[in-house]
>>> print(open('target.json').read())   # JSON, C-alpha atoms
[["chain", "number", "residue", "atom", "x", "y", "z"],
["A", 19, "MET", "CA", 318.52, 65.26, 123.27],
["A", 20, "THR", "CA", 314.76, 65.00, 122.84],
["A", 21, "VAL", "CA", 313.25, 66.35, 119.62],
["A", 22, "ILE", "CA", 309.66, 67.48, 119.66],
["A", 23, "PRO", "CA", 307.26, 68.26, 116.78],
["A", 24, "PHE", "CA", 307.71, 71.66, 115.15],
["A", 25, "ARG", "CA", 304.10, 72.65, 115.90],
["A", 26, "GLN", "CA", 304.49, 71.76, 119.58],
["A", 27, "VAL", "CA", 307.72, 73.76, 119.81],
["A", 28, "GLY", "CA", 305.96, 76.78, 118.31],
["A", 29, "ALA", "CA", 303.08, 76.45, 120.79],
["A", 30, "LEU", "CA", 305.46, 76.22, 123.73],
["A", 31, "ALA", "CA", 307.35, 79.27, 122.53],
["A", 32, "ALA", "CA", 304.16, 81.29, 122.10],
["A", 33, "VAL", "CA", 302.86, 80.37, 125.55],
["A", 34, "ALA", "CA", 306.16, 81.06, 127.25],
["A", 35, "LEU", "CA", 306.84, 84.37, 125.52],
["A", 36, "LEU", "CA", 303.30, 85.61, 126.14],
["A", 37, "ALA", "CA", 303.56, 84.53, 129.77],
["A", 38, "ALA", "CA", 306.82, 86.44, 130.12],
["A", 39, "GLY", "CA", 304.67, 89.54, 130.43],
["A", 40, "CYS", "CA", 303.51, 92.37, 128.23],
["A", 41, "GLY", "CA", 306.94, 93.93, 128.60],
["A", 42, "LEU", "CA", 308.56, 91.64, 126.05],
["A", 43, "SER", "CA", 305.66, 91.73, 123.59],
["A", 44, "ASP", "CA", 305.56, 95.51, 123.79],
["A", 45, "GLU", "CA", 309.31, 95.73, 123.31],
["A", 46, "LEU", "CA", 309.14, 93.50, 120.23],
["A", 47, "ASP", "CA", 306.29, 95.63, 118.87],
["A", 48, "ARG", "CA", 308.29, 98.82, 119.36],
["A", 49, "GLU", "CA", 311.26, 97.26, 117.57],
["A", 50, "ARG", "CA", 309.13, 96.32, 114.57],
["A", 51, "ASN", "CA", 306.88, 99.38, 114.38],
["A", 52, "PRO", "CA", 308.30, 102.30, 116.41],
["A", 53, "GLU", "CA", 305.63, 104.75, 115.13],
["A", 54, "ARG", "CA", 302.66, 102.44, 114.98],
["A", 55, "THR", "CA", 300.08, 102.08, 117.77],
["A", 56, "ALA", "CA", 298.90, 98.67, 118.88],
["A", 57, "ASP", "CA", 295.37, 99.04, 117.45],
["A", 58, "ALA", "CA", 296.20, 100.91, 114.27],
["A", 59, "ALA", "CA", 295.18, 99.22, 111.02],
["A", 60, "PRO", "CA", 297.25, 99.54, 107.82],
["A", 61, "GLU", "CA", 296.22, 102.55, 105.72],
["A", 62, "GLY", "CA", 293.46, 101.62, 103.33],
["A", 63, "GLY", "CA", 293.11, 98.14, 104.79],
["A", 64, "PRO", "CA", 290.78, 96.49, 107.33],
["A", 65, "SER", "CA", 291.68, 95.98, 110.95],
["A", 66, "ALA", "CA", 292.44, 92.52, 112.32],
["A", 67, "ALA", "CA", 289.01, 92.36, 113.95],
["A", 68, "ALA", "CA", 287.21, 93.43, 110.74],
["A", 69, "SER", "CA", 289.08, 90.91, 108.62],
["A", 70, "GLY", "CA", 288.16, 88.06, 110.92],
["A", 71, "VAL", "CA", 291.78, 87.04, 111.42],
["A", 72, "PRO", "CA", 292.32, 85.97, 115.06],
["A", 73, "THR", "CA", 295.21, 87.52, 116.93],
["A", 74, "ALA", "CA", 296.78, 86.55, 120.24],
["A", 75, "PRO", "CA", 296.44, 88.99, 123.18],
["A", 76, "GLY", "CA", 299.15, 91.63, 123.11],
["A", 77, "LEU", "CA", 300.24, 90.70, 119.58],
["A", 78, "ALA", "CA", 297.70, 92.66, 117.50],
["A", 79, "SER", "CA", 300.31, 95.00, 116.08],
["A", 80, "ARG", "CA", 302.94, 92.42, 115.31],
["A", 81, "THR", "CA", 304.03, 92.32, 111.68],
["A", 82, "PRO", "CA", 305.62, 89.12, 110.37],
["A", 83, "ILE", "CA", 309.25, 89.55, 109.41],
["A", 84, "PRO", "CA", 311.51, 87.07, 107.70],
["A", 85, "VAL", "CA", 313.53, 84.78, 109.95],
["A", 86, "GLU", "CA", 315.90, 82.00, 109.12],
["A", 87, "GLU", "CA", 314.03, 78.84, 108.21],
["A", 88, "ALA", "CA", 314.15, 76.14, 110.85],
["A", 89, "PRO", "CA", 315.27, 72.62, 109.93],
["A", 90, "VAL", "CA", 312.62, 69.94, 109.59],
["A", 91, "PRO", "CA", 312.45, 68.14, 112.97],
["A", 92, "ALA", "CA", 312.85, 64.39, 113.29],
["A", 93, "ALA", "CA", 310.06, 62.09, 114.38],
["A", 94, "PRO", "CA", 308.73, 62.83, 117.88],
["A", 95, "THR", "CA", 309.63, 60.68, 120.85],
["A", 96, "SER", "CA", 307.92, 60.36, 124.21],
["A", 97, "SER", "CA", 310.95, 59.01, 126.08],
["A", 98, "CYS", "CA", 312.13, 60.73, 129.24],
["A", 99, "PRO", "CA", 315.88, 61.35, 129.74],
["A", 100, "ALA", "CA", 317.66, 59.67, 132.65],
["A", 101, "SER", "CA", 317.79, 63.05, 134.40],
["A", 102, "GLY", "CA", 313.99, 63.03, 134.70],
["A", 103, "VAL", "CA", 313.66, 66.41, 132.98],
["A", 104, "ARG", "CA", 313.02, 67.25, 129.34],
["A", 105, "ILE", "CA", 314.43, 70.57, 128.06],
["A", 106, "GLU", "CA", 312.94, 72.02, 124.89],
["A", 107, "PRO", "CA", 313.88, 75.23, 123.04],
["A", 108, "GLY", "CA", 311.31, 77.51, 121.47],
["A", 109, "MET", "CA", 311.54, 79.34, 118.16],
["A", 110, "VAL", "CA", 313.72, 82.42, 117.87],
["A", 111, "ASP", "CA", 311.41, 85.44, 117.64],
["A", 112, "ALA", "CA", 313.06, 88.29, 115.71],
["A", 113, "ALA", "CA", 312.16, 91.99, 115.78],
["A", 114, "MET", "CA", 314.64, 94.28, 114.01],
["A", 115, "GLY", "CA", 317.83, 93.69, 116.01],
["A", 116, "LEU", "CA", 316.11, 92.21, 119.08],
["A", 117, "ARG", "CA", 315.82, 88.44, 119.45],
["A", 118, "ALA", "CA", 313.84, 86.41, 121.99],
["A", 119, "MET", "CA", 313.50, 82.70, 122.70],
["A", 120, "SER", "CA", 312.00, 80.54, 125.42],
["A", 121, "VAL", "CA", 313.43, 77.38, 126.98],
["A", 122, "THR", "CA", 310.95, 75.04, 128.67],
["A", 123, "LEU", "CA", 311.83, 72.40, 131.26],
["A", 124, "THR", "CA", 309.29, 69.63, 131.94],
["A", 125, "ASN", "CA", 309.48, 67.18, 134.82],
["A", 126, "CYS", "CA", 308.86, 63.88, 133.03],
["A", 127, "GLY", "CA", 310.27, 61.74, 135.86],
["A", 128, "LYS", "CA", 308.79, 60.47, 139.09],
["A", 129, "ARG", "CA", 310.79, 62.71, 141.45],
["A", 130, "VAL", "CA", 309.86, 66.27, 142.34],
["A", 131, "GLN", "CA", 312.24, 68.75, 140.66],
["A", 132, "ARG", "CA", 313.24, 72.01, 142.32],
["A", 133, "LEU", "CA", 314.61, 75.11, 140.60],
["A", 134, "ASN", "CA", 315.62, 78.47, 142.02],
["A", 135, "GLY", "CA", 317.11, 81.30, 140.00],
["A", 136, "TYR", "CA", 318.68, 81.48, 136.57],
["A", 137, "PRO", "CA", 319.76, 78.64, 134.29],
["A", 138, "GLY", "CA", 323.40, 78.08, 133.43],
["A", 139, "LEU", "CA", 323.86, 78.62, 129.70],
["A", 140, "ARG", "CA", 326.60, 78.17, 127.12],
["A", 141, "VAL", "CA", 326.29, 79.00, 123.42],
["A", 142, "LEU", "CA", 327.99, 76.40, 121.19],
["A", 143, "ASP", "CA", 329.07, 76.57, 117.56],
["A", 144, "GLU", "CA", 328.32, 73.95, 114.87],
["A", 145, "HIS", "CA", 331.10, 71.77, 116.28],
["A", 146, "ARG", "CA", 329.62, 72.03, 119.81],
["A", 147, "GLU", "CA", 332.54, 74.17, 120.94],
["A", 148, "PRO", "CA", 331.69, 77.00, 123.40],
["A", 149, "LEU", "CA", 331.63, 80.56, 122.07],
["A", 150, "ASP", "CA", 332.73, 83.65, 123.97],
["A", 151, "VAL", "CA", 329.31, 84.86, 125.13],
["A", 152, "GLN", "CA", 328.44, 86.66, 128.38],
["A", 153, "ILE", "CA", 325.30, 85.32, 130.07],
["A", 154, "LEU", "CA", 323.47, 88.01, 132.06],
["A", 155, "GLU", "CA", 321.22, 87.12, 135.00],
["A", 156, "GLY", "CA", 318.33, 89.37, 134.04],
["A", 157, "PRO", "CA", 317.24, 90.83, 130.68],
["A", 158, "GLU", "CA", 318.86, 94.23, 131.17],
["A", 159, "PRO", "CA", 320.81, 95.87, 129.59],
["A", 160, "VAL", "CA", 319.64, 93.96, 126.49],
["A", 161, "THR", "CA", 316.03, 95.11, 126.85],
["A", 162, "GLN", "CA", 313.36, 95.92, 129.42],
["A", 163, "MET", "CA", 310.95, 93.15, 130.30],
["A", 164, "ASP", "CA", 309.46, 91.44, 133.33],
["A", 165, "ASP", "CA", 311.76, 89.15, 135.31],
["A", 166, "PRO", "CA", 310.42, 87.39, 138.43],
["A", 167, "GLY", "CA", 313.93, 87.10, 139.90],
["A", 168, "PRO", "CA", 315.20, 84.07, 141.82],
["A", 169, "HIS", "CA", 312.46, 82.22, 143.68],
["A", 170, "PRO", "CA", 311.76, 78.56, 144.50],
["A", 171, "VAL", "CA", 309.98, 76.63, 141.75],
["A", 172, "THR", "CA", 308.72, 73.13, 142.57],
["A", 173, "LEU", "CA", 307.71, 70.86, 139.70],
["A", 174, "LYS", "CA", 305.71, 67.71, 140.20],
["A", 175, "GLN", "CA", 305.57, 65.04, 137.52],
["A", 176, "GLY", "CA", 304.16, 66.55, 134.31],
["A", 177, "GLU", "CA", 304.64, 70.18, 135.37],
["A", 178, "SER", "CA", 306.96, 72.60, 133.61],
["A", 179, "ALA", "CA", 308.83, 75.88, 133.98],
["A", 180, "TYR", "CA", 310.36, 78.25, 131.45],
["A", 181, "THR", "CA", 312.96, 80.96, 131.06],
["A", 182, "ALA", "CA", 313.05, 83.69, 128.39],
["A", 183, "LEU", "CA", 316.30, 84.58, 126.61],
["A", 184, "VAL", "CA", 316.90, 87.91, 124.85],
["A", 185, "TRP", "CA", 319.79, 89.23, 122.78],
["A", 186, "ARG", "CA", 320.52, 91.62, 119.92],
["A", 187, "ASN", "CA", 321.91, 90.92, 116.49],
["A", 188, "THR", "CA", 323.96, 94.11, 116.24],
["A", 189, "VAL", "CA", 327.26, 94.64, 114.46],
["A", 190, "THR", "CA", 329.12, 97.74, 115.64],
["A", 191, "ASP", "CA", 332.64, 96.71, 114.62],
["A", 192, "THR", "CA", 333.19, 95.40, 111.09],
["A", 193, "THR", "CA", 336.68, 94.18, 112.03],
["A", 194, "THR", "CA", 335.22, 91.70, 114.54],
["A", 195, "THR", "CA", 333.71, 88.39, 113.44],
["A", 196, "ALA", "CA", 330.01, 88.18, 114.24],
["A", 197, "VAL", "CA", 329.03, 85.39, 116.65],
["A", 198, "SER", "CA", 326.35, 82.91, 115.59],
["A", 199, "GLY", "CA", 325.61, 79.87, 117.73],
["A", 200, "THR", "CA", 324.02, 76.62, 116.61],
["A", 201, "TYR", "CA", 323.43, 74.86, 119.93],
["A", 202, "LEU", "CA", 322.57, 75.91, 123.46],
["A", 203, "GLU", "CA", 323.82, 74.04, 126.53],
["A", 204, "VAL", "CA", 321.42, 74.39, 129.46],
["A", 205, "THR", "CA", 322.18, 73.56, 133.10],
["A", 206, "PRO", "CA", 318.82, 74.01, 134.90],
["A", 207, "ALA", "CA", 320.16, 74.06, 138.47],
["A", 208, "ASN", "CA", 322.82, 72.58, 140.73],
["A", 209, "GLY", "CA", 322.48, 68.82, 140.75],
["A", 210, "VAL", "CA", 320.35, 68.71, 137.59],
["A", 211, "ARG", "CA", 322.05, 67.22, 134.55],
["A", 212, "LYS", "CA", 322.76, 69.66, 131.70],
["A", 213, "ALA", "CA", 321.32, 69.18, 128.24],
["A", 214, "THR", "CA", 322.24, 70.50, 124.80],
["A", 215, "VAL", "CA", 319.37, 71.66, 122.61],
["A", 216, "THR", "CA", 319.04, 73.02, 119.07],
["A", 217, "PRO", "CA", 317.06, 76.29, 118.91],
["A", 218, "GLN", "CA", 314.60, 76.76, 116.05],
["A", 219, "GLY", "CA", 316.76, 79.50, 114.50],
["A", 220, "ARG", "CA", 320.36, 80.51, 115.07],
["A", 221, "ILE", "CA", 321.60, 82.47, 118.09],
["A", 222, "ASP", "CA", 322.91, 85.39, 116.04],
["A", 223, "LEU", "CA", 324.61, 87.80, 118.43],
["A", 224, "GLY", "CA", 326.44, 90.02, 115.97],
["A", 225, "ASN", "CA", 329.37, 91.28, 118.03],
["A", 226, "THR", "CA", 327.31, 92.22, 121.10],
["A", 227, "GLY", "CA", 328.49, 89.04, 122.84],
["A", 228, "ARG", "CA", 325.80, 88.82, 125.51],
["A", 229, "ILE", "CA", 322.46, 87.19, 126.29],
["A", 230, "GLY", "CA", 320.02, 88.21, 129.02],
["A", 231, "THR", "CA", 317.83, 85.59, 130.68],
["A", 232, "THR", "CA", 314.94, 85.61, 133.13],
["A", 233, "ALA", "CA", 314.78, 83.38, 136.18],
["A", 234, "TRP", "CA", 312.89, 80.11, 135.97],
["A", 235, "GLN", "CA", 309.16, 80.49, 136.52],
["A", 236, "LYS", "CA", 306.36, 77.99, 136.48],
["A", 237, "THR", "CA", 304.35, 77.63, 133.29],
["A", 238, "PRO", "CA", 301.02, 79.47, 133.83],
["A", 239, "ALA", "CA", 298.85, 76.43, 133.03],
["A", 240, "ASP", "CA", 300.59, 74.49, 135.80],
["A", 241, "ASP", "CA", 300.17, 77.37, 138.26],
["A", 242, "THR", "CA", 296.45, 77.51, 137.46],
["A", 243, "ARG", "CA", 296.11, 73.78, 137.95],
["A", 244, "ALA", "CA", 297.94, 73.88, 141.27],
["A", 245, "SER", "CA", 295.81, 76.72, 142.64],
["A", 246, "ARG", "CA", 292.48, 75.33, 141.43],
["A", 247, "PRO", "CA", 290.28, 74.40, 144.43],
["A", 248, "THR", "CA", 289.25, 70.77, 144.67],
["A", 249, "ALA", "CA", 285.65, 69.76, 145.16],
["A", 250, "PRO", "CA", 284.84, 68.44, 148.64],
["A", 251, "ALA", "CA", 284.20, 64.72, 148.93],
["A", 252, "PRO", "CA", 280.49, 63.86, 149.07],
["A", 253, "SER", "CA", 279.24, 63.21, 152.57],
["A", 254, "THR", "CA", 277.70, 59.85, 153.43],
["A", 255, "PRO", "CA", 274.16, 60.22, 154.75],
["A", 256, "PRO", "CA", 273.58, 58.65, 158.17],
["A", 257, "SER", "CA", 272.02, 55.20, 158.04]]
>>> encode(input="target.json", output="structure tokens")
Amino acid sequence: MTVIPFRQVGALAAVALLAAGCGLSDELDRERNPERTADAAPEGGPSAAASGVPTAPGLASRTPIPVEEAPVPAAPTSSCPASGVRIEPGMVDAAMGLRAMSVTLTNCGKRVQRLNGYPGLRVLDEHREPLDVQILEGPEPVTQMDDPGPHPVTLKQGESAYTALVWRNTVTDTTTTAVSGTYLEVTPANGVRKATVTPQGRIDLGNTGRIGTTAWQKTPADDTRASRPTAPAPSTPPS
């Protein structure tokens, strides 16, 4: 398992969750502040713009809420697994009972990697034993958010793709033990070796017992790079 710096994990999570579409950001906002509009400032206090505090697009109304502290990561490593892909979990983003997390896959090998559809997932306990969790292909009925659906994703060396996971920490039956996972086993696609990662925050499912996931989609920065036109080669003047 490859461990990456905490700051880099947070950046990857922010990019991936923002790229997942306004649907998820809006849903998280509604969970936190059901009666508050996106641009409303706290009563008697300055707005984000007036205070000079920068905010990310679509996250102006987000209010920090306490989440379980993540463990201090080990020293970073630049090695590439034998599979040729590096799988990295993002931080668990909590909003009331709704949870969201990104998983990023980077092609660090020399071969082109191809994905199509949803990742295979298993939630594991602290002993790496699988828990009884239903994995849904699509975010509904957990929440409403954008899902590109299955489509071919081709990753050249250095390019990456991500999937967004959503679940709810809801307890509706006090006689049932709440499920809380420590590790996540990810199988990206058929023929691609699975990897076990440690999310930055527990997978606390209450007794809902299900996780919704979006299909793999290319990281926006890589899409932009791939579609960027190249400058024509300079012509050689006739001698």
>>> atom_distance(input="target.json", atom1="atom CA of A:Val197", atom2="atom CA of A:Thr226")
8.3 Å
>>> atom_distance(input="target.json", atom1="atom CA of A:Leu183", atom2="atom CA of A:Gly230")
5.7 Å
>>> residues_around(input="target.json", residues="A:Gly102", least_positions_apart="3", cutoff="7 Å", atoms="only C-alpha atoms", output="list in words")
Cys98, Pro99, Asn125, Cys126 and Gly127 of chain A
>>> residues_near_point(input="target.json", point="(324.4, 89.6, 127.4)", cutoff="8 Å", atoms="only C-alpha atoms", output="list of chain:residue names")
A:Val151, A:Gln152, A:Ile153, A:Leu154, A:Pro157, A:Pro159, A:Val160, A:Trp185, A:Thr226, A:Gly227, A:Arg228, A:Ile229, A:Gly230
>>> closest_residue(input="target.json", among="A:Gly156, A:Asp143, A:Gly115, A:Thr237", to="A:Gly176", atoms="only C-alpha atoms")
A:Thr237
>>> closest_residue(input="target.json", among="A:Tyr201, A:Glu144, A:Lys174, A:Pro137", to="A:Thr231", atoms="all atoms listed in the file")
A:Pro137
>>> axis_aligned_box(input="target.json", around="stretch 184-201 of chain A", padding_each_side="3 Å", output="lines of an AutoDock Vina configuration file")
center_x = 326.8
center_y = 86.3
center_z = 118.0
size_x = 25.8
size_y = 28.9
size_z = 19.8
>>> closest_residue(input="target.json", among="A:Thr232, A:Thr122, A:Ile221, A:Asp191", to="A:Thr161", atoms="all atoms listed in the file")
A:Thr232
>>> atom_distance(input="target.json", atom1="atom CA of A:Arg140", atom2="atom CA of A:Thr192")
24.4 Å
>>> closest_residue(input="target.json", among="A:Leu139, A:Leu133, A:Met109, A:Ala182", to="A:Lys212", atoms="only C-alpha atoms")
A:Leu139
>>> closest_atom_pairs(input="target.json", of="stretch 144-245 of chain A", to="stretch 104-107 of chain A", cutoff="10 Å", atoms="only C-alpha atoms", output="tab-separated table")
residue	atom	partner	partner_atom	distance
A:Ser178	CA	A:Arg104	CA	9.1
A:Ala179	CA	A:Ile105	CA	9.7
A:Tyr180	CA	A:Ile105	CA	9.3
A:Thr181	CA	A:Pro107	CA	9.9
A:Leu202	CA	A:Pro107	CA	8.7
A:Val204	CA	A:Ile105	CA	8.1
A:Thr205	CA	A:Ile105	CA	9.7
A:Pro206	CA	A:Ile105	CA	8.8
A:Lys212	CA	A:Ile105	CA	9.1
A:Ala213	CA	A:Ile105	CA	7.0
A:Thr214	CA	A:Ile105	CA	8.5
A:Val215	CA	A:Pro107	CA	6.6
A:Thr216	CA	A:Pro107	CA	6.9
A:Pro217	CA	A:Pro107	CA	5.3
A:Gln218	CA	A:Pro107	CA	7.2
A:Gly219	CA	A:Pro107	CA	10.0
>>> closest_residue(input="target.json", among="A:Thr200, A:Asn208, A:Gln235, A:Thr195", to="A:His145", atoms="only C-alpha atoms")
A:Thr200
>>> residues_around(input="target.json", residues="A:Ala118", least_positions_apart="5", cutoff="6 Å", atoms="only C-alpha atoms", output="NGL selection string")
:A and (110-111 or 183-184)
>>> closest_residue(input="target.json", among="A:Thr188, A:Thr193, A:Asn134, A:Asn225", to="A:Pro168", atoms="only C-alpha atoms")
A:Asn134
